[in-house]
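A.B. asks: One structure follows; several queries about it will come next.
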Amino acid sequence: MLTADIPPNQSIYIKNLNEKIKKEELKRSLYCLFSQFGRILDVVALKTPKLRGQAWVAFSEVTAASNAVRQMQNFPFYDKPMRIQYAKSKSDCITKADGTFVSRDKKRKQEEKVERKREETQGPNMANGPTSQNGAAPAPPFQPSGQEAMPPNNILFIQNLPHETTSVMLQLLFAQYPGFKEIRMIDAKPGIAFVEYEDDVQSSMAMQALQGFKITPQNPMIISFAKK
DNA sequence: AGCACA
């Protein structure tokens, strides 16, 4: 057993990412792809030699991270299967929120002190005022309706449409997103539709973008992956 | 393979 002994963490560590993707795009795509599991507080990706091809996604809940680790394991993302584990330590955005954040210089100084004066004392420099105020990412529309447990699929299932919705109307909305293929509606079942994309990444992006979109004020769209 | 955030 290799990597599975890392304890659960509300942040996940992703490796084997395609290193050709620019940092900003990568972060946006990860944000879209993973917000199906819960509220995302932060996405971190660096292109330094040590850290390229890796990223961290911090969720507001450990359970979201757990689902993401399981369901997105080996998910083909920019042509490479993602390898996902729990992160080894808490993200700064988390420790900042719970008040345990220690700035990096301070941490370095603390470690130096411990090394220099090994037996003198442990300086309780608890002068870390609640450094909270997390610059949290904008909250995506997310409905914990139990539907988000469905594994990714290139076909989306749309619910709560007004009965007068036509496929042309839906096409207008969904064709904005790359990979769009077709809308399917069933006359005998008003209020629902299926939308097909070329692959699961693209369907995920559209889902994230249009989740909760209101065709009428009473009809926020409920979008989930279709059952296989 | 590689666990950071300034």
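Going through the structure tokens in order, the chains are called A, B, and so on, while each chain numbers its residues from 1 and the ligands are numbered from 1 in the order shown.
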Distance table requested - range 32-89 of chain A against range 149-153 of chain A, cut-off 9 Å, only C-alpha atoms: one row per qualifying residue with the closest atom pair and its distance in Å to one decimal, ordered by chain and rising residue number, as a tab-separated table.

C.D. replies:
residue	atom	partner	partner_atom	distance
A:Gln36	CA	A:Ala149	CA	8.6
A:Phe37	CA	A:Ala149	CA	7.7
A:Asn67	CA	A:Ala149	CA	7.8
A:Gln71	CA	A:Pro151	CA	6.3
A:Met72	CA	A:Pro151	CA	8.1
A:Phe75	CA	A:Pro152	CA	8.8

A.B. asks: Based on only C-alpha atoms (C1' of nucleotides), which of the residues in chain A come within 10 Å of chain B? I want them as a VMD selection string.

C.D. replies: chain A and resid 12 to 16 42 to 46 49 to 56 86 to 93 103 to 105

A.B. asks: Please, which residues of range 12-228 of chain A, numbered as in this document, come out strand (DSSP E or B) from DSSP, as a VMD selection string?

C.D. replies: chain A and resid 12 to 15 40 to 44 55 to 59 76 to 77 80 to 81 83 to 86 155 to 159 180 to 184 193 to 197 214 220 222 to 225

A.B. asks: From the list A:Lys189, A:Arg83, A:Lys20, A:Lys106, which residue is nearest Thr3 in chain A when using only C-alpha atoms?

C.D. replies: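 Among the listed residues, the smallest separation from Thr3 in chain A belongs to A:Arg83.
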
A.B. asks: Hey, which of A:Leu41, A:Ile192, A:Met205, A:Ala65 ends up closest to Arg28 in chain A? Count only C-alpha atoms.

C.D. replies: A:Met205

A.B. asks: Tell me, in Å to one decimal, how far CA of Phe225 in chain A is from CA of Leu17 in chain A.

C.D. replies: 23.2 Å

A.B. asks: Select from range 7-55 of chain A everything DSSP, run on the backbone, classes as helix (DSSP H, G or I), then give the selection as a PyMOL selection string.

C.D. replies: chain A and resi 23-37

A.B. asks: At what distance in Å, to one decimal, does CA of Lys27 in chain A lie from CA of Ala58 in chain A?

C.D. replies: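 So the two atoms, CA of Ala58 in chain A and CA of Lys27 in chain A, lie 12.0 Å apart.
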